[in-house]
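Raw contents of data15.tsv, TSV, C-alpha atoms and all ligand atoms:
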chain	number	residue	atom	x	y	z
A	173	MET	CA	-56.62	-52.16	59.23
A	174	SER	CA	-56.23	-52.26	63.01
A	175	LYS	CA	-56.84	-49.26	65.24
A	176	LYS	CA	-53.08	-48.86	65.63
A	177	SER	CA	-52.66	-48.70	61.92
A	178	THR	CA	-54.46	-45.38	61.55
A	179	GLU	CA	-52.47	-43.63	64.28
A	180	GLY	CA	-50.67	-40.65	62.89
A	181	ALA	CA	-52.66	-40.69	59.67
A	182	PRO	CA	-53.02	-37.16	58.29
A	183	PHE	CA	-56.67	-37.49	57.40
A	184	GLY	CA	-58.49	-37.98	60.64
A	185	THR	CA	-59.46	-40.52	63.19
A	186	GLY	CA	-61.80	-42.70	61.25
A	187	LYS	CA	-64.79	-41.29	63.14
A	188	ALA	CA	-66.32	-39.76	60.04
A	189	ARG	CA	-67.43	-43.08	58.64
A	190	ILE	CA	-69.20	-43.65	55.40
A	191	GLY	CA	-70.72	-46.83	54.18
A	192	ASN	CA	-72.17	-47.92	57.51
A	193	GLY	CA	-75.40	-49.20	56.06
A	194	ALA	CA	-76.59	-52.71	56.75
A	195	ALA	CA	-74.27	-55.30	55.25
A	196	GLU	CA	-77.10	-56.80	53.23
A	197	ASP	CA	-77.59	-53.44	51.46
A	198	ARG	CA	-74.02	-53.40	50.21
A	199	ASP	CA	-72.19	-55.22	47.42
A	200	LYS	CA	-75.40	-55.39	45.42
A	201	PRO	CA	-76.14	-53.93	42.03
A	202	GLY	CA	-79.12	-52.18	43.61
A	203	PRO	CA	-81.88	-50.39	41.78
A	204	ASP	CA	-79.82	-47.25	41.16
A	205	LEU	CA	-77.41	-48.71	38.67
A	206	GLU	CA	-80.06	-50.65	36.81
A	207	ALA	CA	-82.44	-47.71	36.55
A	208	ASN	CA	-79.99	-44.96	35.67
A	209	ARG	CA	-77.69	-46.67	33.20
A	210	PRO	CA	-77.38	-44.57	30.06
A	211	PRO	CA	-78.08	-46.64	26.92
A	212	VAL	CA	-74.87	-45.47	25.22
A	213	PHE	CA	-72.86	-47.89	27.33
A	214	GLU	CA	-73.93	-50.91	25.23
A	215	ARG	CA	-72.72	-49.12	22.12
A	216	ALA	CA	-69.51	-48.11	23.89
A	217	ALA	CA	-68.75	-51.71	24.87
A	218	ALA	CA	-69.51	-52.89	21.34
A	219	TYR	CA	-66.85	-50.49	20.09
A	220	VAL	CA	-64.27	-51.86	22.55
A	221	LEU	CA	-65.08	-55.40	21.38
A	222	ARG	CA	-64.60	-54.32	17.79
A	223	GLN	CA	-61.13	-52.99	18.61
A	224	ILE	CA	-60.25	-56.15	20.52
A	225	ASP	CA	-61.36	-58.25	17.55
A	226	ALA	CA	-59.02	-56.26	15.32
A	227	GLY	CA	-56.22	-56.72	17.86
A	228	LEU	CA	-56.61	-60.50	17.83
A	229	ASP	CA	-54.83	-60.50	14.48
A	230	THR	CA	-51.94	-58.34	15.69
A	231	PHE	CA	-51.33	-59.61	19.20
A	232	GLY	CA	-50.83	-63.27	20.04
A	233	PRO	CA	-49.40	-65.84	22.44
A	234	CYS	CA	-46.16	-63.84	22.85
A	235	ALA	CA	-47.13	-60.41	21.49
A	236	TYR	CA	-48.77	-57.55	23.41
A	237	PRO	CA	-49.61	-53.91	22.78
A	238	ALA	CA	-46.85	-51.47	23.82
A	239	PRO	CA	-47.80	-49.38	26.90
A	240	SER	CA	-48.82	-46.42	24.74
A	241	SER	CA	-49.58	-45.97	21.08
A	242	THR	CA	-47.63	-44.03	18.48
A	243	GLY	CA	-49.96	-41.94	16.35
A	244	GLY	CA	-52.88	-43.98	17.74
A	245	ILE	CA	-51.35	-47.35	16.88
A	246	TYR	CA	-49.94	-49.79	19.42
A	247	PRO	CA	-46.92	-51.69	18.12
A	248	ALA	CA	-46.77	-55.37	19.15
A	249	ILE	CA	-43.99	-56.10	21.65
A	250	PRO	CA	-42.81	-59.14	23.64
A	251	ASN	CA	-43.73	-59.70	27.29
A	252	PHE	CA	-41.29	-57.51	29.21
A	253	GLU	CA	-43.27	-54.36	30.00
A	254	TRP	CA	-45.40	-53.70	33.11
A	255	THR	CA	-48.48	-53.48	30.90
A	256	SER	CA	-48.88	-56.88	29.17
A	257	GLY	CA	-51.64	-57.91	31.58
A	258	PHE	CA	-53.97	-55.14	30.44
A	259	TRP	CA	-54.36	-56.73	27.02
A	260	THR	CA	-54.82	-60.20	28.53
A	261	GLY	CA	-57.24	-58.64	31.02
A	262	MET	CA	-59.26	-57.13	28.18
A	263	LEU	CA	-59.51	-60.57	26.58
A	264	TRP	CA	-60.86	-62.02	29.83
A	265	LEU	CA	-63.33	-59.13	30.21
A	266	ALA	CA	-64.48	-59.73	26.63
A	267	TYR	CA	-64.96	-63.42	27.40
A	268	GLU	CA	-66.90	-62.69	30.58
A	269	LEU	CA	-69.10	-60.15	28.81
A	270	THR	CA	-69.86	-62.18	25.68
A	271	GLY	CA	-69.05	-65.82	26.49
A	272	GLU	CA	-67.31	-66.06	23.12
A	273	ALA	CA	-64.61	-68.74	23.12
A	274	LYS	CA	-62.24	-66.81	20.84
A	275	TYR	CA	-61.41	-64.39	23.65
A	276	ARG	CA	-60.82	-67.17	26.15
A	277	ARG	CA	-58.59	-69.05	23.70
A	278	ALA	CA	-56.54	-65.93	23.02
A	279	ALA	CA	-56.09	-65.23	26.74
A	280	GLU	CA	-55.24	-68.84	27.58
A	281	SER	CA	-52.69	-69.01	24.79
A	282	GLN	CA	-50.62	-66.40	26.65
A	283	LEU	CA	-50.28	-68.25	29.96
A	284	PRO	CA	-47.08	-70.15	28.96
A	285	ASP	CA	-45.51	-66.81	28.06
A	286	TYR	CA	-46.36	-65.37	31.49
A	287	ARG	CA	-44.86	-68.48	33.09
A	288	ALA	CA	-41.70	-68.13	30.96
A	289	ARG	CA	-41.41	-64.53	32.11
A	290	LEU	CA	-41.37	-65.67	35.74
A	291	ASP	CA	-38.91	-68.49	35.06
A	292	GLY	CA	-36.62	-66.13	33.14
A	293	LYS	CA	-37.08	-63.29	35.67
A	294	ILE	CA	-37.81	-60.93	32.78
A	295	GLY	CA	-38.74	-57.53	34.16
A	296	THR	CA	-39.86	-59.01	37.48
A	297	ASP	CA	-37.98	-56.50	39.69
A	298	THR	CA	-41.18	-54.51	40.02
A	299	HIS	CA	-44.34	-54.11	42.08
A	300	ASP	CA	-46.22	-54.32	38.75
A	301	LEU	CA	-46.29	-58.10	39.15
A	302	GLY	CA	-49.75	-57.41	40.54
A	303	PHE	CA	-51.10	-55.81	37.38
A	304	LEU	CA	-49.34	-58.44	35.28
A	305	TYR	CA	-50.45	-61.60	37.04
A	306	SER	CA	-53.80	-60.62	38.59
A	307	LEU	CA	-55.16	-59.78	35.15
A	308	SER	CA	-53.65	-62.84	33.45
A	309	ALA	CA	-52.92	-65.89	35.62
A	310	VAL	CA	-55.23	-65.18	38.57
A	311	ASN	CA	-58.04	-64.21	36.22
A	312	GLU	CA	-57.54	-67.45	34.30
A	313	TYR	CA	-57.56	-69.52	37.47
A	314	ARG	CA	-60.69	-67.70	38.72
A	315	ILE	CA	-62.53	-68.24	35.45
A	316	THR	CA	-61.29	-71.68	34.32
A	317	GLY	CA	-59.73	-73.30	37.39
A	318	ASN	CA	-56.53	-74.08	35.48
A	319	PRO	CA	-53.97	-75.22	38.13
A	320	LYS	CA	-51.07	-73.96	36.00
A	321	ALA	CA	-52.55	-70.49	36.18
A	322	ARG	CA	-52.83	-70.80	39.97
A	323	GLU	CA	-49.18	-71.84	40.15
A	324	ALA	CA	-48.06	-68.86	38.07
A	325	GLY	CA	-50.16	-66.52	40.20
A	326	LEU	CA	-48.60	-67.84	43.41
A	327	MET	CA	-45.08	-67.60	41.95
A	328	ALA	CA	-45.71	-63.97	41.05
A	329	ALA	CA	-47.06	-63.31	44.55
A	330	GLU	CA	-43.86	-64.77	46.06
A	331	LEU	CA	-41.76	-62.40	43.95
A	332	LEU	CA	-43.94	-59.47	44.95
A	333	ALA	CA	-43.76	-60.45	48.64
A	334	ALA	CA	-39.97	-60.61	48.37
A	335	ARG	CA	-40.04	-56.85	47.70
A	336	TYR	CA	-41.44	-56.19	51.18
A	337	LEU	CA	-39.10	-54.14	53.37
A	338	PRO	CA	-40.01	-55.11	56.94
A	339	GLU	CA	-38.59	-52.07	58.77
A	340	ALA	CA	-40.37	-49.64	56.46
A	341	GLY	CA	-43.48	-51.83	56.19
A	342	ILE	CA	-43.74	-51.24	52.44
A	343	ILE	CA	-43.29	-52.97	49.12
A	344	GLN	CA	-40.49	-51.32	47.18
A	345	ALA	CA	-41.81	-50.16	43.82
A	346	TRP	CA	-39.03	-50.44	41.35
A	347	GLY	CA	-35.65	-51.99	40.74
A	348	ASN	CA	-33.26	-54.12	42.69
A	349	LEU	CA	-33.84	-53.91	46.44
A	350	ASN	CA	-30.24	-52.74	46.92
A	351	ASP	CA	-30.33	-50.03	44.27
A	352	PRO	CA	-29.65	-46.83	46.24
A	353	GLU	CA	-31.83	-44.80	43.83
A	354	GLU	CA	-34.87	-46.97	44.47
A	355	ARG	CA	-34.34	-48.45	47.92
A	356	GLY	CA	-37.23	-47.71	50.26
A	357	ARG	CA	-39.41	-46.05	47.61
A	358	MET	CA	-43.13	-46.73	47.55
A	359	ILE	CA	-45.54	-45.40	44.95
A	360	ILE	CA	-49.27	-44.87	44.91
A	361	ASP	CA	-49.75	-47.13	41.88
A	362	CYS	CA	-48.74	-50.11	44.05
A	363	LEU	CA	-52.14	-50.07	45.78
A	364	MET	CA	-53.47	-51.66	42.61
A	365	ASN	CA	-51.05	-54.57	42.98
A	366	LEU	CA	-52.02	-55.59	46.51
A	367	PRO	CA	-54.96	-57.82	45.45
A	368	LEU	CA	-52.39	-60.35	44.20
A	369	LEU	CA	-51.14	-60.63	47.78
A	370	TYR	CA	-54.60	-60.88	49.34
A	371	TRP	CA	-55.45	-63.57	46.79
A	372	ALA	CA	-52.24	-65.50	47.51
A	373	SER	CA	-53.06	-65.64	51.23
A	374	GLU	CA	-56.59	-66.82	50.56
A	375	GLU	CA	-55.38	-69.40	48.07
A	376	SER	CA	-52.33	-70.72	49.94
A	377	GLY	CA	-53.46	-70.27	53.55
A	378	ASP	CA	-50.21	-68.38	54.27
A	379	PRO	CA	-51.17	-65.12	56.04
A	380	ARG	CA	-47.81	-63.47	55.26
A	381	PHE	CA	-48.90	-62.08	51.87
A	382	ALA	CA	-51.99	-60.32	53.24
A	383	GLU	CA	-50.01	-58.99	56.22
A	384	TYR	CA	-47.58	-57.32	53.83
A	385	ALA	CA	-50.46	-55.87	51.83
A	386	ARG	CA	-52.15	-54.50	54.95
A	387	SER	CA	-48.91	-52.94	56.16
A	388	HIS	CA	-48.28	-51.38	52.75
A	389	VAL	CA	-51.76	-49.88	52.51
A	390	ARG	CA	-51.36	-48.47	56.02
A	391	GLN	CA	-48.07	-46.79	55.13
A	392	SER	CA	-49.53	-45.51	51.86
A	393	ALA	CA	-52.42	-43.94	53.73
A	394	ARG	CA	-50.03	-42.36	56.18
A	395	TYR	CA	-47.38	-40.98	53.85
A	396	LEU	CA	-48.68	-40.81	50.28
A	397	VAL	CA	-51.90	-38.97	51.13
A	398	ARG	CA	-51.40	-35.33	52.00
A	399	PRO	CA	-53.64	-33.38	54.42
A	400	ASP	CA	-55.11	-31.34	51.53
A	401	ARG	CA	-56.54	-34.58	49.94
A	402	THR	CA	-53.89	-34.73	47.21
A	403	THR	CA	-51.32	-37.49	46.87
A	404	TYR	CA	-47.63	-37.90	46.32
A	405	HIS	CA	-46.73	-40.14	43.43
A	406	THR	CA	-43.79	-41.63	45.32
A	407	TYR	CA	-42.41	-41.53	48.86
A	408	TYR	CA	-39.06	-42.64	50.23
A	409	MET	CA	-38.78	-44.49	53.52
A	410	ASP	CA	-35.54	-45.39	55.26
A	411	ALA	CA	-35.41	-49.12	54.62
A	412	GLU	CA	-33.12	-49.73	57.60
A	413	THR	CA	-34.82	-47.67	60.31
A	414	GLY	CA	-38.33	-47.44	58.86
A	415	GLU	CA	-38.30	-43.63	59.25
A	416	PRO	CA	-40.23	-41.60	56.65
A	417	LYS	CA	-37.99	-39.47	54.43
A	418	TYR	CA	-39.71	-37.40	51.72
A	419	GLY	CA	-42.20	-37.42	48.89
A	420	THR	CA	-41.32	-36.83	45.27
A	421	THR	CA	-42.90	-37.28	41.87
A	422	HIS	CA	-41.93	-39.45	38.95
A	423	GLN	CA	-44.66	-38.82	36.39
A	424	GLY	CA	-46.33	-35.73	37.82
A	425	HIS	CA	-45.72	-32.06	37.10
A	426	ALA	CA	-43.91	-31.34	40.38
A	427	ASP	CA	-43.12	-33.01	43.69
A	428	ASP	CA	-45.91	-31.09	45.40
A	429	SER	CA	-48.47	-31.26	42.56
A	430	CYS	CA	-51.01	-34.05	42.23
A	431	TRP	CA	-50.42	-36.42	39.32
A	432	ALA	CA	-53.92	-37.22	38.05
A	433	ARG	CA	-53.41	-40.92	37.45
A	434	GLY	CA	-51.74	-41.29	40.85
A	435	GLN	CA	-54.85	-39.84	42.47
A	436	ALA	CA	-56.98	-42.23	40.42
A	437	TRP	CA	-54.82	-45.22	41.42
A	438	GLY	CA	-55.43	-44.08	45.01
A	439	ILE	CA	-59.21	-43.86	44.57
A	440	TYR	CA	-59.43	-47.36	43.13
A	441	GLY	CA	-56.50	-48.86	45.07
A	442	PHE	CA	-57.81	-47.95	48.53
A	443	MET	CA	-61.20	-49.37	47.50
A	444	LEU	CA	-59.57	-52.67	46.52
A	445	SER	CA	-57.93	-52.98	49.93
A	446	TYR	CA	-61.25	-52.09	51.53
A	447	LEU	CA	-62.78	-55.12	49.81
A	448	HIS	CA	-60.23	-57.36	51.50
A	449	THR	CA	-60.05	-55.69	54.92
A	450	GLN	CA	-63.51	-54.14	55.42
A	451	ASP	CA	-61.72	-51.24	57.11
A	452	SER	CA	-64.11	-48.34	56.63
A	453	GLU	CA	-61.21	-45.90	56.94
A	454	LEU	CA	-60.07	-47.05	53.49
A	455	LEU	CA	-63.49	-46.46	52.00
A	456	ARG	CA	-63.51	-43.00	53.53
A	457	LEU	CA	-60.04	-42.31	52.19
A	458	SER	CA	-61.00	-43.40	48.68
A	459	LYS	CA	-63.98	-41.05	48.84
A	460	THR	CA	-61.78	-38.20	50.07
A	461	LEU	CA	-59.45	-38.61	47.09
A	462	ALA	CA	-62.41	-38.97	44.74
A	463	ASP	CA	-63.95	-35.72	45.99
A	464	TYR	CA	-60.74	-33.86	45.21
A	465	PHE	CA	-60.51	-35.54	41.80
A	466	ALA	CA	-64.10	-34.47	41.03
A	467	GLU	CA	-63.39	-30.89	42.11
A	468	ARG	CA	-60.45	-30.75	39.68
A	469	THR	CA	-62.34	-32.31	36.76
A	470	PRO	CA	-63.21	-29.81	34.00
A	471	ALA	CA	-66.80	-29.50	32.80
A	472	ASP	CA	-66.28	-31.89	29.88
A	473	GLY	CA	-65.64	-34.69	32.40
A	474	VAL	CA	-61.99	-35.70	31.80
A	475	VAL	CA	-59.03	-34.52	33.88
A	476	TYR	CA	-55.75	-32.94	32.81
A	477	TRP	CA	-52.73	-35.18	33.30
A	478	ASP	CA	-51.86	-33.37	36.52
A	479	LEU	CA	-54.59	-31.99	38.75
A	480	VAL	CA	-52.64	-28.76	39.19
A	481	PHE	CA	-53.97	-27.83	35.74
A	482	LEU	CA	-57.52	-26.56	35.39
A	483	ALA	CA	-59.85	-25.79	32.50
A	484	GLY	CA	-58.62	-23.49	29.80
A	485	ASN	CA	-54.90	-24.23	29.74
A	486	ALA	CA	-53.02	-25.93	26.93
A	487	GLN	CA	-51.96	-29.06	28.82
A	488	GLU	CA	-53.07	-32.53	27.71
A	489	ARG	CA	-55.88	-34.52	29.32
A	490	ASP	CA	-55.27	-38.01	30.66
A	491	SER	CA	-58.28	-40.09	29.65
A	492	SER	CA	-56.75	-43.10	31.42
A	493	ALA	CA	-56.82	-41.34	34.80
A	494	SER	CA	-60.54	-40.70	34.42
A	495	ALA	CA	-61.16	-44.31	33.34
A	496	VAL	CA	-59.33	-45.64	36.43
A	497	ALA	CA	-61.28	-43.25	38.66
A	498	ALA	CA	-64.56	-44.45	37.11
A	499	CYS	CA	-63.76	-48.04	38.14
A	500	GLY	CA	-62.95	-46.89	41.68
A	501	LEU	CA	-66.20	-44.92	41.88
A	502	LEU	CA	-68.25	-47.87	40.64
A	503	GLU	CA	-66.67	-50.14	43.24
A	504	MET	CA	-67.29	-47.48	45.88
A	505	ALA	CA	-70.93	-47.22	44.83
A	506	ARG	CA	-71.32	-50.97	45.16
A	507	GLN	CA	-69.99	-50.86	48.70
A	508	LEU	CA	-72.32	-48.09	49.84
A	509	PRO	CA	-75.87	-48.76	51.03
A	510	ALA	CA	-78.35	-49.21	48.16
A	511	GLY	CA	-80.42	-46.08	47.62
A	512	SER	CA	-78.12	-43.85	49.70
A	513	ALA	CA	-77.27	-40.38	48.44
A	514	GLN	CA	-73.54	-41.18	48.59
A	515	ARG	CA	-73.98	-44.23	46.43
A	516	GLN	CA	-76.02	-42.35	43.88
A	517	GLU	CA	-73.41	-39.60	43.77
A	518	ALA	CA	-70.56	-42.06	43.19
A	519	GLU	CA	-72.53	-43.68	40.37
A	520	ARG	CA	-73.43	-40.32	38.90
A	521	GLN	CA	-69.77	-39.31	38.80
A	522	ALA	CA	-68.71	-42.62	37.24
A	523	PHE	CA	-71.45	-42.41	34.61
A	524	ALA	CA	-70.47	-38.80	33.81
A	525	ILE	CA	-66.87	-39.90	33.20
A	526	LEU	CA	-67.91	-42.83	31.01
A	527	THR	CA	-70.34	-40.69	29.05
A	528	ALA	CA	-67.62	-38.08	28.48
A	529	LEU	CA	-65.10	-40.71	27.39
A	530	ASP	CA	-67.60	-42.24	25.00
A	531	ALA	CA	-68.59	-38.87	23.57
A	532	GLY	CA	-65.20	-37.32	22.96
A	533	TYR	CA	-62.31	-39.61	23.72
A	534	THR	CA	-62.62	-42.83	21.75
A	535	THR	CA	-60.73	-43.61	18.56
A	536	ARG	CA	-63.95	-43.92	16.54
A	537	ASP	CA	-62.82	-40.87	14.57
A	538	LEU	CA	-59.20	-42.05	14.25
A	539	PRO	CA	-59.20	-44.47	11.34
A	540	GLY	CA	-56.57	-47.20	11.53
A	541	SER	CA	-56.10	-46.87	15.30
A	542	ASN	CA	-55.98	-50.15	17.21
A	543	GLY	CA	-56.53	-48.38	20.52
A	544	VAL	CA	-59.79	-47.51	22.26
A	545	LEU	CA	-59.29	-44.28	24.22
A	546	LYS	CA	-57.28	-41.45	22.76
A	547	HIS	CA	-55.92	-38.46	24.69
A	548	GLY	CA	-54.07	-40.42	27.36
A	549	VAL	CA	-50.72	-39.48	28.84
A	550	TYR	CA	-48.13	-42.04	29.89
A	551	ASN	CA	-45.19	-39.95	31.09
A	552	LYS	CA	-45.28	-36.25	30.28
A	553	PRO	CA	-42.03	-35.25	32.03
A	554	ARG	CA	-40.14	-37.76	29.88
A	555	GLY	CA	-42.20	-37.13	26.76
A	556	ILE	CA	-43.42	-40.72	26.44
A	557	GLY	CA	-46.92	-41.50	25.20
A	558	VAL	CA	-48.24	-37.94	25.42
A	559	ASP	CA	-51.74	-37.51	23.94
A	560	GLU	CA	-51.85	-41.15	22.88
A	561	CYS	CA	-53.84	-44.28	23.64
A	562	THR	CA	-52.66	-46.13	26.74
A	563	ILE	CA	-53.37	-49.81	27.15
A	564	TRP	CA	-54.39	-49.41	30.81
A	565	GLY	CA	-56.74	-46.59	29.81
A	566	ASP	CA	-58.38	-48.98	27.37
A	567	TYR	CA	-58.49	-51.74	29.99
A	568	TYR	CA	-60.08	-49.63	32.76
A	569	TYR	CA	-62.56	-48.01	30.36
A	570	PHE	CA	-63.65	-51.50	29.34
A	571	GLU	CA	-63.68	-52.74	32.95
A	572	ALA	CA	-65.92	-49.82	33.93
A	573	LEU	CA	-68.31	-50.62	31.07
A	574	VAL	CA	-68.37	-54.29	32.06
A	575	ARG	CA	-69.08	-53.29	35.66
A	576	VAL	CA	-72.10	-51.33	34.45
A	577	LEU	CA	-73.39	-53.84	31.90
A	578	LYS	CA	-72.78	-56.91	34.06
A	579	PRO	CA	-73.33	-55.75	37.65
A	580	GLU	CA	-72.54	-59.19	39.09
A	581	TRP	CA	-68.97	-58.92	37.74
A	582	ARG	CA	-66.30	-58.82	40.45
A	583	PRO	CA	-62.67	-57.63	40.20
B	601	LIG	N1	-48.01	-47.43	36.86
B	601	LIG	C1	-47.38	-46.57	35.93
B	601	LIG	C2	-48.32	-45.57	35.35
B	601	LIG	O1	-49.42	-45.40	35.83
B	601	LIG	O2	-47.95	-44.95	34.40

Before we go any further, please render this structure as structure tokens.
Ligand code: GLY
Amino acid sequence: MSKKSTEGAPFGTGKARIGNGAAEDRDKPGPDLEANRPPVFERAAAYVLRQIDAGLDTFGPCAYPAPSSTGGIYPAIPNFEWTSGFWTGMLWLAYELTGEAKYRRAAESQLPDYRARLDGKIGTDTHDLGFLYSLSAVNEYRITGNPKAREAGLMAAELLAARYLPEAGIIQAWGNLNDPEERGRMIIDCLMNLPLLYWASEESGDPRFAEYARSHVRQSARYLVRPDRTTYHTYYMDAETGEPKYGTTHQGHADDSCWARGQAWGIYGFMLSYLHTQDSELLRLSKTLADYFAERTPADGVVYWDLVFLAGNAQERDSSASAVAACGLLEMARQLPAGSAQRQEAERQAFAILTALDAGYTTRDLPGSNGVLKHGVYNKPRGIGVDECTIWGDYYYFEALVRVLKPEWRP
């Protein structure tokens, strides 16, 4: 991010830098992770693999888990939701962790379906193209070099780039660009979708995609992050003048509360843009959000679905928010100087989350479940997927375990 880009940001001048260690000390597994890794993580990953193996019979070339389970069981649905890529992504993680061809075959068998979705424009009016195609097509291209996967990834990136509103400098989250309800709305989740744009610029040589991503992350930092270190879920900009309008929630408890998964998307999402920009302000911002998240985490290690709720109330936890945050913390740790106190603290927090999820939040005691993590919340205000498994919770829990067990793994 350029100097100009941080002007007006509510969280400081960028002077309070973190992560300024020598470049050769960063992006390394380092001794910390190796030495401190709790042994339960092997067992935890083995359980995820067992659930994936069971899912291989249910899900197939055109069948994916629904976003959230019903009574702990994901129904199989066609490829129209924002979440298909999490299952395909789990298959690729399983392949990278084990080298077993069955996972690769299952993931590859879905590529034609992802291509058909693009050709048919099925549910493509969304920023979630990033989740969908980074975890499927781009992953496949990265791992196998399949040119058809590259083509699908670039097509998805074009559709995502077409959602860029130049005056506002953002990618519109949902719906038709002319829908008055949705026009000019950005959401914190979208930070997770920007890697598709960075990748498309690297792959195609066209700088436009990365420029849009950098502008979007800048506007997210400026308007979605509040001075008290909490985040708005969504924020409306005037698409014609570029003026900021107001923040509001979609899945949180209230417009001015802090939706837990939104904060977790911010922790991980700002880190992902840091990887592509090396702007230390983004690393600092991720840490700021993570500190707040940690302060609002109850002693058993897993947050309530909105961070306005603290220990002792009757609200549900959102295991998926903690799993997403763990991935962000592990990436943060990797970017901090080896041996530094900040790096050790980020790892400690990530390990505490993973240990808590393994100890009390998996479906090991829920016979018949085809999910991995129970006690997730999809959309509490609308009563969807409350206290259920969520397929992104399963994905990020598994990604975090792979990050720990295979430190050379890269997102
Ligand atoms: N991106 C939608 C959600 O987190 O539920």

Compile the contact shell of Thr296 of chain A as a short mmCIF file (atom, residue, chain, number, x, y, z; two decimals) with C-alpha atoms, in the coordinates of the input: residues with an atom at most 12 Å away, counting all atoms listed in the file, same-chain residues fewer than 3 positions apart removed.
data_model
loop_
_atom_site.label_atom_id
_atom_site.label_comp_id
_atom_site.auth_asym_id
_atom_site.auth_seq_id
_atom_site.Cartn_x
_atom_site.Cartn_y
_atom_site.Cartn_z
CA ASN A 251 -43.73 -59.70 27.29
CA PHE A 252 -41.29 -57.51 29.21
CA GLU A 253 -43.27 -54.36 30.00
CA TRP A 254 -45.40 -53.70 33.11
CA TYR A 286 -46.36 -65.37 31.49
CA ARG A 287 -44.86 -68.48 33.09
CA ALA A 288 -41.70 -68.13 30.96
CA ARG A 289 -41.41 -64.53 32.11
CA LEU A 290 -41.37 -65.67 35.74
CA ASP A 291 -38.91 -68.49 35.06
CA GLY A 292 -36.62 -66.13 33.14
CA LYS A 293 -37.08 -63.29 35.67
CA HIS A 299 -44.34 -54.11 42.08
CA ASP A 300 -46.22 -54.32 38.75
CA LEU A 301 -46.29 -58.10 39.15
CA GLY A 302 -49.75 -57.41 40.54
CA PHE A 303 -51.10 -55.81 37.38
CA LEU A 304 -49.34 -58.44 35.28
CA TYR A 305 -50.45 -61.60 37.04
CA MET A 327 -45.08 -67.60 41.95
CA ALA A 328 -45.71 -63.97 41.05
CA ALA A 329 -47.06 -63.31 44.55
CA GLU A 330 -43.86 -64.77 46.06
CA LEU A 331 -41.76 -62.40 43.95
CA LEU A 332 -43.94 -59.47 44.95
CA ALA A 333 -43.76 -60.45 48.64
CA ALA A 334 -39.97 -60.61 48.37
CA ARG A 335 -40.04 -56.85 47.70
CA ALA A 345 -41.81 -50.16 43.82
CA TRP A 346 -39.03 -50.44 41.35
CA GLY A 347 -35.65 -51.99 40.74
CA ASN A 348 -33.26 -54.12 42.69
CA LEU A 349 -33.84 -53.91 46.44
#

In terms of the shortest atom-to-atom distance over all atoms listed in the file, which of A:Ala436, A:Val310, A:Val574, A:Cys234 is closest to ligand LIG 601 (chain B)?
-> A:Ala436

Polymer residues at most 6 Å from segment 556-563 of chain A, all atoms listed in the file, same-chain spacing of 3 or more positions, as number ranges by chain = A: 239-241, 244, 543, 545-552, 566

At most 12 Å from (-40.8, -37.7, 44.1), file frame, only C-alpha atoms: which residues, as a ChimeraX atom specification?
-> /A:353-354,357-360,396,403-409,417-431,434

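Each of A:Asp451, A:Asp285, A:Glu375, A:Asp490 was compared to ligand LIG 601 (chain B) using all atoms listed in the file, and A:Asp490 turns out to be the nearest.
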
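In this structure, atom CA of Val212 of chain A sits 14.3 Å away from atom CA of Arg575 of chain A.
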
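Checking A:Pro579, A:Gly438, A:Gly227, A:Pro379 one by one against ligand LIG 601 (chain B), counting all atoms listed in the file, you find the shortest gap at A:Gly438.
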
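For segment 460-467 of chain A, the non-local neighbours within 7 Å, defined as residues at least 5 positions apart in the same chain or in other chains and counting all atoms listed in the file, are Arg401, Thr402, Gln435 and Ile439 of chain A.
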
Return the single residue from A:Asp351, A:Pro211, A:Leu283, A:Ala218 that is closest to Gly232 of chain A, with distances computed using only C-alpha atoms.
-> A:Leu283

Would you list the residues near (-69.7, -46.8, 25.2), meaning any protein, DNA or RNA residue with an atom at most 9 Å from that point in file coordinates, counting all atoms listed in the file, as a CSV table (one decimal) with C-alpha atoms, in the frame of the given file?
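Full text of out14.csv as output:
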chain,number,residue,atom,x,y,z
A,211,PRO,CA,-78.1,-46.6,26.9
A,212,VAL,CA,-74.9,-45.5,25.2
A,213,PHE,CA,-72.9,-47.9,27.3
A,214,GLU,CA,-73.9,-50.9,25.2
A,215,ARG,CA,-72.7,-49.1,22.1
A,216,ALA,CA,-69.5,-48.1,23.9
A,217,ALA,CA,-68.8,-51.7,24.9
A,218,ALA,CA,-69.5,-52.9,21.3
A,219,TYR,CA,-66.8,-50.5,20.1
A,220,VAL,CA,-64.3,-51.9,22.6
A,526,LEU,CA,-67.9,-42.8,31.0
A,527,THR,CA,-70.3,-40.7,29.0
A,529,LEU,CA,-65.1,-40.7,27.4
A,530,ASP,CA,-67.6,-42.2,25.0
A,531,ALA,CA,-68.6,-38.9,23.6
A,534,THR,CA,-62.6,-42.8,21.8
A,569,TYR,CA,-62.6,-48.0,30.4
A,570,PHE,CA,-63.6,-51.5,29.3
A,573,LEU,CA,-68.3,-50.6,31.1

Go ahead and fit an axis-aligned box to every listed atom of ligand LIG 601 (chain B) plus 5 Å each side, and pass me the centre and edge lengths in Å, one decimal, as AutoDock Vina command-line options.
--center_x -48.4 --center_y -46.2 --center_z 35.6 --size_x 12.0 --size_y 12.5 --size_z 12.5
